[in-house]
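Trainee: Structure: entry-v7.pdb, PDB, C-alpha atoms.
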```
ATOM      1  CA  MET R   1     -66.041  28.903 -35.947
ATOM      2  CA  ASN R   2     -64.254  26.780 -33.382
ATOM      3  CA  GLU R   3     -63.596  23.063 -33.727
ATOM      4  CA  THR R   4     -66.314  22.024 -31.252
ATOM      5  CA  HIS R   5     -68.921  24.068 -33.117
ATOM      6  CA  ALA R   6     -67.819  22.625 -36.462
ATOM      7  CA  THR R   7     -67.992  19.089 -35.067
ATOM      8  CA  LEU R   8     -71.510  19.714 -33.726
ATOM      9  CA  ARG R   9     -72.647  21.135 -37.080
ATOM     10  CA  THR R  10     -71.217  18.088 -38.889
ATOM     11  CA  GLU R  11     -72.997  15.715 -36.502
ATOM     12  CA  VAL R  12     -76.306  17.562 -36.966
ATOM     13  CA  ARG R  13     -75.923  17.373 -40.754
ATOM     14  CA  GLN R  14     -75.308  13.621 -40.590
ATOM     15  CA  LEU R  15     -78.295  13.071 -38.293
ATOM     16  CA  ALA R  16     -80.507  15.240 -40.505
ATOM     17  CA  ASP R  17     -79.393  13.313 -43.572
ATOM     18  CA  GLU R  18     -80.282  10.010 -41.884
ATOM     19  CA  ALA R  19     -83.658  11.362 -40.735
ATOM     20  CA  PHE R  20     -84.356  12.658 -44.247
ATOM     21  CA  HIS R  21     -83.571   9.313 -45.872
ATOM     22  CA  ARG R  22     -85.807   7.579 -43.333
ATOM     23  CA  LYS R  23     -88.539  10.065 -44.374
ATOM     24  CA  LEU R  24     -88.832  11.414 -40.821
ATOM     25  CA  ILE R  25     -88.223  15.004 -41.954
ATOM     26  CA  SER R  26     -88.855  16.576 -45.331
ATOM     27  CA  GLY R  27     -85.917  18.976 -45.421
ATOM     28  CA  TYR R  28     -82.971  20.463 -43.561
ATOM     29  CA  GLY R  29     -80.175  22.977 -43.871
ATOM     30  CA  ASP R  30     -78.190  25.741 -42.249
ATOM     31  CA  GLY R  31     -80.192  28.491 -40.593
ATOM     32  CA  GLN R  32     -79.677  32.218 -41.010
ATOM     33  CA  ASP R  33     -77.687  32.353 -37.791
ATOM     34  CA  MET R  34     -74.397  30.470 -37.486
ATOM     35  CA  ASN R  35     -75.677  28.688 -34.349
ATOM     36  CA  GLU R  36     -78.995  27.719 -35.909
ATOM     37  CA  TYR R  37     -80.240  24.852 -38.041
ATOM     38  CA  GLN R  38     -83.444  24.524 -40.060
ATOM     39  CA  ILE R  39     -85.419  21.296 -40.011
ATOM     40  CA  VAL R  40     -88.649  20.840 -41.956
ATOM     41  CA  TYR R  41     -90.815  18.599 -39.798
ATOM     42  CA  GLN R  42     -94.481  17.875 -40.509
ATOM     43  CA  GLY R  43     -94.403  20.416 -43.323
ATOM     44  CA  LYS R  44     -93.220  23.310 -41.149
ATOM     45  CA  PRO R  45     -89.711  24.768 -41.175
ATOM     46  CA  ARG R  46     -88.304  25.063 -37.673
ATOM     47  CA  HIS R  47     -85.255  27.157 -36.854
ATOM     48  CA  ILE R  48     -83.561  25.781 -33.754
ATOM     49  CA  SER R  49     -80.134  25.880 -32.158
ATOM     50  CA  LEU R  50     -77.582  23.266 -33.164
ATOM     51  CA  GLU R  51     -77.785  21.659 -29.717
ATOM     52  CA  GLN R  52     -81.587  21.407 -29.880
ATOM     53  CA  ALA R  53     -81.428  20.111 -33.459
ATOM     54  CA  ARG R  54     -79.022  17.364 -32.393
ATOM     55  CA  LEU R  55     -81.266  16.239 -29.538
ATOM     56  CA  PHE R  56     -84.428  16.471 -31.660
ATOM     57  CA  LEU R  57     -82.945  14.379 -34.466
ATOM     58  CA  ILE R  58     -81.484  11.757 -32.125
ATOM     59  CA  ASP R  59     -84.874  11.395 -30.438
ATOM     60  CA  LEU R  60     -86.731  11.241 -33.758
ATOM     61  CA  ILE R  61     -84.427   8.563 -35.180
ATOM     62  CA  TYR R  62     -84.474   6.574 -31.932
ATOM     63  CA  ARG R  63     -88.291   6.591 -31.784
ATOM     64  CA  SER R  64     -88.513   5.470 -35.423
ATOM     65  CA  LYS R  65     -86.379   2.430 -34.633
ATOM     66  CA  ILE R  66     -88.582   1.412 -31.702
ATOM     67  CA  TYR R  67     -91.887   1.559 -33.584
TER      68      TYR R  67
END
```
Can you give me the file's structure in the form of structure tokens?

Mentor:
Amino acid sequence: MNETHATLRTEVRQLADEAFHRKLISGYGDGQDMNEYQIVYQGKPRHISLEQARLFLIDLIYRSKIY
């Protein structure tokens, strides 16, 4: 795993942790694939790439702050 990938994974974990504590998602963790992350949103586990997970979580947290 290169440094950029490790940094992205760390950022996704931090975002997921914040979203979890804000009760925006009900679970999260590493996916089966090294480039994948699992987010449980609205009761359904979703396996998405790290890049998509980062964008999804940023958007989710941002929208929760607006409303």

Trainee: Go through R:Leu55, R:Leu50, R:Asp17, R:Gly43 and flag the residue nearest R:Asp30, using all atoms listed in the file for the distances.

Mentor: R:Leu50

Trainee: Apply the PyMOL selection byres ((chain R and resi 47) around 6) to the structure shown and report the selected residues as a PyMOL selection string.

Mentor: chain R and resi 37-38+46+48

Trainee: For R:Glu36, which residue out of R:Leu15, R:Ile61, R:Leu24, R:Leu8 is the nearest one, using all atoms listed in the file?

Mentor: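 So, comparing all the options, the nearest one is R:Leu8.
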
Trainee: As a ChimeraX atom specification, please: the residues near R:Arg9 (cut-off 12 Å, only C-alpha atoms, same-chain neighbours under 4 positions excluded).

Mentor: /R:1-5,13-16,29-31,34-38,49-54

Trainee: Considering only C-alpha atoms, state which residue in the set R:Ala6, R:Lys23, R:Glu18, R:Val12 is at the smallest distance from R:Phe56.

Mentor: R:Val12

Trainee: Would you compute the box with edges along x, y and z of the file around stretch 6-24 of chain R, including every atom the file lists for it and 4 Å extra on each side, and give its centre and edge lengths in Å to one decimal, as JSON?

Mentor:
```
{"center_x": -78.3, "center_y": 15.1, "center_z": -39.8, "size_x": 29.0, "size_y": 23.0, "size_z": 20.1}
```

Trainee: Residues at most 12 Å from R:Ser64, counting only C-alpha atoms, excluding those fewer than 2 positions away in the same chain, as an mmCIF file with C-alpha atoms, in the frame of the given file?

Mentor:
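The result, written out as around_28.cif:
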```cif
data_model
loop_
_atom_site.group_PDB
_atom_site.id
_atom_site.type_symbol
_atom_site.label_atom_id
_atom_site.label_comp_id
_atom_site.auth_asym_id
_atom_site.auth_seq_id
_atom_site.Cartn_x
_atom_site.Cartn_y
_atom_site.Cartn_z
ATOM 1 C CA GLU R 18 -80.282 10.010 -41.884
ATOM 2 C CA ALA R 19 -83.658 11.362 -40.735
ATOM 3 C CA ARG R 22 -85.807 7.579 -43.333
ATOM 4 C CA LYS R 23 -88.539 10.065 -44.374
ATOM 5 C CA LEU R 24 -88.832 11.414 -40.821
ATOM 6 C CA ILE R 25 -88.223 15.004 -41.954
ATOM 7 C CA LEU R 57 -82.945 14.379 -34.466
ATOM 8 C CA ILE R 58 -81.484 11.757 -32.125
ATOM 9 C CA ASP R 59 -84.874 11.395 -30.438
ATOM 10 C CA LEU R 60 -86.731 11.241 -33.758
ATOM 11 C CA ILE R 61 -84.427 8.563 -35.180
ATOM 12 C CA TYR R 62 -84.474 6.574 -31.932
ATOM 13 C CA ILE R 66 -88.582 1.412 -31.702
ATOM 14 C CA TYR R 67 -91.887 1.559 -33.584
#
```

Trainee: Export N, CA and C atoms of stretch 14-50 of chain R from the structure just given, as a PDB file, in the first residue's frame?

Mentor:
```pdb
ATOM      1  N   GLN R  14     -11.641   8.484   9.389  1.00  0.00           N
ATOM      2  CA  GLN R  14     -11.974   9.624  10.246  1.00  0.00           C
ATOM      3  C   GLN R  14     -13.338  10.205   9.881  1.00  0.00           C
ATOM      4  N   LEU R  15     -13.608  10.339   8.593  1.00  0.00           N
ATOM      5  CA  LEU R  15     -14.910  10.842   8.150  1.00  0.00           C
ATOM      6  C   LEU R  15     -16.032   9.889   8.554  1.00  0.00           C
ATOM      7  N   ALA R  16     -15.792   8.592   8.390  1.00  0.00           N
ATOM      8  CA  ALA R  16     -16.803   7.596   8.756  1.00  0.00           C
ATOM      9  C   ALA R  16     -17.063   7.630  10.261  1.00  0.00           C
ATOM     10  N   ASP R  17     -16.016   7.800  11.033  1.00  0.00           N
ATOM     11  CA  ASP R  17     -16.173   7.880  12.481  1.00  0.00           C
ATOM     12  C   ASP R  17     -17.020   9.098  12.862  1.00  0.00           C
ATOM     13  N   GLU R  18     -16.754  10.236  12.225  1.00  0.00           N
ATOM     14  CA  GLU R  18     -17.551  11.436  12.497  1.00  0.00           C
ATOM     15  C   GLU R  18     -19.002  11.227  12.084  1.00  0.00           C
ATOM     16  N   ALA R  19     -19.221  10.653  10.909  1.00  0.00           N
ATOM     17  CA  ALA R  19     -20.588  10.402  10.435  1.00  0.00           C
ATOM     18  C   ALA R  19     -21.315   9.424  11.359  1.00  0.00           C
ATOM     19  N   PHE R  20     -20.601   8.436  11.862  1.00  0.00           N
ATOM     20  CA  PHE R  20     -21.198   7.460  12.775  1.00  0.00           C
ATOM     21  C   PHE R  20     -21.623   8.132  14.082  1.00  0.00           C
ATOM     22  N   HIS R  21     -20.761   8.957  14.627  1.00  0.00           N
ATOM     23  CA  HIS R  21     -21.077   9.633  15.890  1.00  0.00           C
ATOM     24  C   HIS R  21     -22.185  10.666  15.734  1.00  0.00           C
ATOM     25  N   ARG R  22     -22.350  11.180  14.526  1.00  0.00           N
ATOM     26  CA  ARG R  22     -23.471  12.087  14.246  1.00  0.00           C
ATOM     27  C   ARG R  22     -24.746  11.314  13.902  1.00  0.00           C
ATOM     28  N   LYS R  23     -24.651   9.976  13.927  1.00  0.00           N
ATOM     29  CA  LYS R  23     -25.771   9.079  13.620  1.00  0.00           C
ATOM     30  C   LYS R  23     -26.273   9.233  12.180  1.00  0.00           C
ATOM     31  N   LEU R  24     -25.346   9.518  11.266  1.00  0.00           N
ATOM     32  CA  LEU R  24     -25.673   9.638   9.850  1.00  0.00           C
ATOM     33  C   LEU R  24     -25.531   8.296   9.144  1.00  0.00           C
ATOM     34  N   ILE R  25     -24.668   7.438   9.676  1.00  0.00           N
ATOM     35  CA  ILE R  25     -24.497   6.073   9.182  1.00  0.00           C
ATOM     36  C   ILE R  25     -24.556   5.151  10.392  1.00  0.00           C
ATOM     37  N   SER R  26     -24.866   3.887  10.145  1.00  0.00           N
ATOM     38  CA  SER R  26     -24.989   2.969  11.280  1.00  0.00           C
ATOM     39  C   SER R  26     -23.816   2.000  11.394  1.00  0.00           C
ATOM     40  N   GLY R  27     -22.856   2.105  10.479  1.00  0.00           N
ATOM     41  CA  GLY R  27     -21.684   1.247  10.564  1.00  0.00           C
ATOM     42  C   GLY R  27     -20.710   1.537   9.447  1.00  0.00           C
ATOM     43  N   TYR R  28     -19.483   1.057   9.611  1.00  0.00           N
ATOM     44  CA  TYR R  28     -18.448   1.274   8.595  1.00  0.00           C
ATOM     45  C   TYR R  28     -17.286   0.339   8.854  1.00  0.00           C
ATOM     46  N   GLY R  29     -16.471   0.150   7.842  1.00  0.00           N
ATOM     47  CA  GLY R  29     -15.273  -0.674   7.997  1.00  0.00           C
ATOM     48  C   GLY R  29     -14.622  -0.962   6.670  1.00  0.00           C
ATOM     49  N   ASP R  30     -13.488  -1.634   6.718  1.00  0.00           N
ATOM     50  CA  ASP R  30     -12.770  -1.987   5.503  1.00  0.00           C
ATOM     51  C   ASP R  30     -13.588  -2.982   4.691  1.00  0.00           C
ATOM     52  N   GLY R  31     -13.525  -2.849   3.383  1.00  0.00           N
ATOM     53  CA  GLY R  31     -14.191  -3.793   2.497  1.00  0.00           C
ATOM     54  C   GLY R  31     -13.313  -5.002   2.249  1.00  0.00           C
ATOM     55  N   GLN R  32     -13.816  -5.930   1.450  1.00  0.00           N
ATOM     56  CA  GLN R  32     -13.054  -7.135   1.130  1.00  0.00           C
ATOM     57  C   GLN R  32     -11.837  -6.799   0.277  1.00  0.00           C
ATOM     58  N   ASP R  33     -12.010  -5.841  -0.612  1.00  0.00           N
ATOM     59  CA  ASP R  33     -10.936  -5.399  -1.487  1.00  0.00           C
ATOM     60  C   ASP R  33     -10.145  -4.295  -0.787  1.00  0.00           C
ATOM     61  N   MET R  34      -8.868  -4.200  -1.064  1.00  0.00           N
ATOM     62  CA  MET R  34      -8.013  -3.200  -0.443  1.00  0.00           C
ATOM     63  C   MET R  34      -8.424  -1.773  -0.817  1.00  0.00           C
ATOM     64  N   ASN R  35      -9.047  -1.601  -1.980  1.00  0.00           N
ATOM     65  CA  ASN R  35      -9.449  -0.284  -2.465  1.00  0.00           C
ATOM     66  C   ASN R  35     -10.918   0.007  -2.191  1.00  0.00           C
ATOM     67  N   GLU R  36     -11.514  -0.738  -1.297  1.00  0.00           N
ATOM     68  CA  GLU R  36     -12.949  -0.657  -1.051  1.00  0.00           C
ATOM     69  C   GLU R  36     -13.221  -0.355   0.423  1.00  0.00           C
ATOM     70  N   TYR R  37     -14.349   0.288   0.660  1.00  0.00           N
ATOM     71  CA  TYR R  37     -14.763   0.590   2.026  1.00  0.00           C
ATOM     72  C   TYR R  37     -16.235   0.257   2.159  1.00  0.00           C
ATOM     73  N   GLN R  38     -16.648  -0.207   3.311  1.00  0.00           N
ATOM     74  CA  GLN R  38     -18.058  -0.546   3.544  1.00  0.00           C
ATOM     75  C   GLN R  38     -18.676   0.495   4.461  1.00  0.00           C
ATOM     76  N   ILE R  39     -19.808   1.029   4.020  1.00  0.00           N
ATOM     77  CA  ILE R  39     -20.561   1.994   4.812  1.00  0.00           C
ATOM     78  C   ILE R  39     -21.988   1.475   4.911  1.00  0.00           C
ATOM     79  N   VAL R  40     -22.513   1.417   6.133  1.00  0.00           N
ATOM     80  CA  VAL R  40     -23.901   1.001   6.324  1.00  0.00           C
ATOM     81  C   VAL R  40     -24.731   2.272   6.420  1.00  0.00           C
ATOM     82  N   TYR R  41     -25.521   2.498   5.380  1.00  0.00           N
ATOM     83  CA  TYR R  41     -26.330   3.712   5.263  1.00  0.00           C
ATOM     84  C   TYR R  41     -27.774   3.305   5.029  1.00  0.00           C
ATOM     85  N   GLN R  42     -28.671   3.823   5.837  1.00  0.00           N
ATOM     86  CA  GLN R  42     -30.093   3.503   5.780  1.00  0.00           C
ATOM     87  C   GLN R  42     -30.319   1.988   5.862  1.00  0.00           C
ATOM     88  N   GLY R  43     -29.532   1.359   6.740  1.00  0.00           N
ATOM     89  CA  GLY R  43     -29.693  -0.062   7.010  1.00  0.00           C
ATOM     90  C   GLY R  43     -29.118  -1.003   5.971  1.00  0.00           C
ATOM     91  N   LYS R  44     -28.469  -0.469   4.941  1.00  0.00           N
ATOM     92  CA  LYS R  44     -27.933  -1.319   3.875  1.00  0.00           C
ATOM     93  C   LYS R  44     -26.426  -1.134   3.770  1.00  0.00           C
ATOM     94  N   PRO R  45     -25.681  -2.242   3.811  1.00  0.00           N
ATOM     95  CA  PRO R  45     -24.229  -2.126   3.627  1.00  0.00           C
ATOM     96  C   PRO R  45     -23.911  -1.819   2.168  1.00  0.00           C
ATOM     97  N   ARG R  46     -23.043  -0.857   1.970  1.00  0.00           N
ATOM     98  CA  ARG R  46     -22.644  -0.464   0.617  1.00  0.00           C
ATOM     99  C   ARG R  46     -21.129  -0.572   0.517  1.00  0.00           C
ATOM    100  N   HIS R  47     -20.679  -1.282  -0.490  1.00  0.00           N
ATOM    101  CA  HIS R  47     -19.246  -1.459  -0.728  1.00  0.00           C
ATOM    102  C   HIS R  47     -18.862  -0.525  -1.864  1.00  0.00           C
ATOM    103  N   ILE R  48     -18.066   0.485  -1.547  1.00  0.00           N
ATOM    104  CA  ILE R  48     -17.687   1.478  -2.549  1.00  0.00           C
ATOM    105  C   ILE R  48     -16.192   1.754  -2.473  1.00  0.00           C
ATOM    106  N   SER R  49     -15.673   2.330  -3.535  1.00  0.00           N
ATOM    107  CA  SER R  49     -14.230   2.629  -3.562  1.00  0.00           C
ATOM    108  C   SER R  49     -13.905   3.674  -2.496  1.00  0.00           C
ATOM    109  N   LEU R  50     -12.652   3.737  -2.126  1.00  0.00           N
ATOM    110  CA  LEU R  50     -12.218   4.712  -1.119  1.00  0.00           C
ATOM    111  C   LEU R  50     -12.522   6.139  -1.566  1.00  0.00           C
TER     112      LEU R  50
END
```
